[in-house]
Amino acid sequence: MVASKKTAPAKGVDAAAAHDVVFDTADSGAAKTFPTQCSSLRKNGHVVIKGRPCKIIEMSTSKTGKHGHAKVHIVAIDIFTNKKLEDLSPSTHNMDVPNVSRNEYLLLDVGDEDDPFISYLFDEKTGEDKSIKAPSKEMRKKLKDFLDAGTEMNIVILSAMGEEMLMDCKPTSTKPANE
């Protein structure tokens, strides 16, 4: 949230008006990350390395040295780009852990070659739908084939730190949607 600053009230202005704050923007208040002590991180957990959400694939801890801090060596893979990243941090220091969510949504439509976006039902109560880019031509073709065959599909979307990616798909039923 960003609050606009107001200058000191002029003489004669009532105190209630002087305490009004105008908010330029607002959000849900949910943090994208939370701090966790480095020594409490575990393999297959998540961590932020170089500003990217990553899944830890390897961890090793060195003994305390001359200056008294044990170091933790973390090897992780970016959950969106699959790039390998490494970090070395004192075990007593805090590292950011991303809030990662994996949600399933009902697939509505698959775009063509010119439109690589996939539509899905975001909110069943309001009927709101959203679109997300297919990660590959193969995934888009697979989804298109299922829809053409009349199979209802759920797609799995992974979200972290303001990024989203289509990860997987699975049929909701074996019956065609038009029956």
# chains A, B, ... in the order shown; residues from 1 in each chain; ligands from 1
call {"tool": "residues_around", "arguments": {"residues": "region 154-166 of chain A", "least_positions_apart": "5", "cutoff": "6 Å", "atoms": "only C-alpha atoms", "output": "list in words"}}
result
Lys32, Asn99, Val100, Ser101, Arg102, Asn103, Glu104, Tyr105, Leu106 and Leu107 of chain A
call {"tool": "write_last_selection", "arguments": {"atoms": "N, CA and C atoms", "output": "PDB file, in the first residue's frame"}}
result
ATOM      1  N   LYS A  32       4.498 -11.963  -0.989  1.00  0.00           N
ATOM      2  CA  LYS A  32       4.961 -12.894  -2.013  1.00  0.00           C
ATOM      3  C   LYS A  32       5.976 -13.875  -1.431  1.00  0.00           C
ATOM      4  N   ASN A  99       5.792 -17.883  -1.465  1.00  0.00           N
ATOM      5  CA  ASN A  99       4.485 -18.505  -1.272  1.00  0.00           C
ATOM      6  C   ASN A  99       4.100 -19.121  -2.611  1.00  0.00           C
ATOM      7  N   VAL A 100       4.155 -20.439  -2.687  1.00  0.00           N
ATOM      8  CA  VAL A 100       3.882 -21.161  -3.927  1.00  0.00           C
ATOM      9  C   VAL A 100       2.519 -21.826  -3.806  1.00  0.00           C
ATOM     10  N   SER A 101       1.677 -21.654  -4.829  1.00  0.00           N
ATOM     11  CA  SER A 101       0.373 -22.325  -4.817  1.00  0.00           C
ATOM     12  C   SER A 101       0.184 -23.085  -6.127  1.00  0.00           C
ATOM     13  N   ARG A 102      -0.474 -24.215  -6.010  1.00  0.00           N
ATOM     14  CA  ARG A 102      -0.782 -25.070  -7.160  1.00  0.00           C
ATOM     15  C   ARG A 102      -2.298 -25.245  -7.152  1.00  0.00           C
ATOM     16  N   ASN A 103      -2.961 -24.724  -8.197  1.00  0.00           N
ATOM     17  CA  ASN A 103      -4.422 -24.776  -8.266  1.00  0.00           C
ATOM     18  C   ASN A 103      -4.886 -25.449  -9.550  1.00  0.00           C
ATOM     19  N   GLU A 104      -6.041 -26.115  -9.464  1.00  0.00           N
ATOM     20  CA  GLU A 104      -6.660 -26.745 -10.634  1.00  0.00           C
ATOM     21  C   GLU A 104      -7.854 -25.924 -11.087  1.00  0.00           C
ATOM     22  N   TYR A 105      -7.962 -25.748 -12.413  1.00  0.00           N
ATOM     23  CA  TYR A 105      -9.064 -24.998 -12.995  1.00  0.00           C
ATOM     24  C   TYR A 105      -9.627 -25.786 -14.174  1.00  0.00           C
ATOM     25  N   LEU A 106     -10.892 -25.533 -14.490  1.00  0.00           N
ATOM     26  CA  LEU A 106     -11.544 -26.186 -15.622  1.00  0.00           C
ATOM     27  C   LEU A 106     -11.123 -25.506 -16.926  1.00  0.00           C
ATOM     28  N   LEU A 107     -10.638 -26.289 -17.875  1.00  0.00           N
ATOM     29  CA  LEU A 107     -10.215 -25.782 -19.179  1.00  0.00           C
ATOM     30  C   LEU A 107     -11.450 -25.402 -20.000  1.00  0.00           C
TER      31      LEU A 107
END
call {"tool": "select_by_dssp", "arguments": {"residues": "region 15-156 of chain A", "states": "strand (DSSP E or B)", "output": "PyMOL selection string"}}
result
chain A and resi 23-25+33-37+46-49+52-61+71-78+84-90+94-98+100-110+117-123+128-133+151-156
call {"tool": "residues_around", "arguments": {"residues": "region 41-49 of chain A", "least_positions_apart": "6", "cutoff": "8 Å", "atoms": "only C-alpha atoms", "output": "number ranges by chain"}}
result
A: 55-59, 85-87, 95-98
call {"tool": "closest_residue", "arguments": {"among": "A:Ser91, A:Thr172, A:Ala31, A:Leu108", "to": "Glu128 (chain A)", "atoms": "only C-alpha atoms"}}
result
A:Leu108
call {"tool": "closest_residue", "arguments": {"among": "A:Thr151, A:Ser131, A:Ser119, A:Ser39", "to": "Leu88 (chain A)", "atoms": "only C-alpha atoms"}}
result
A:Ser39
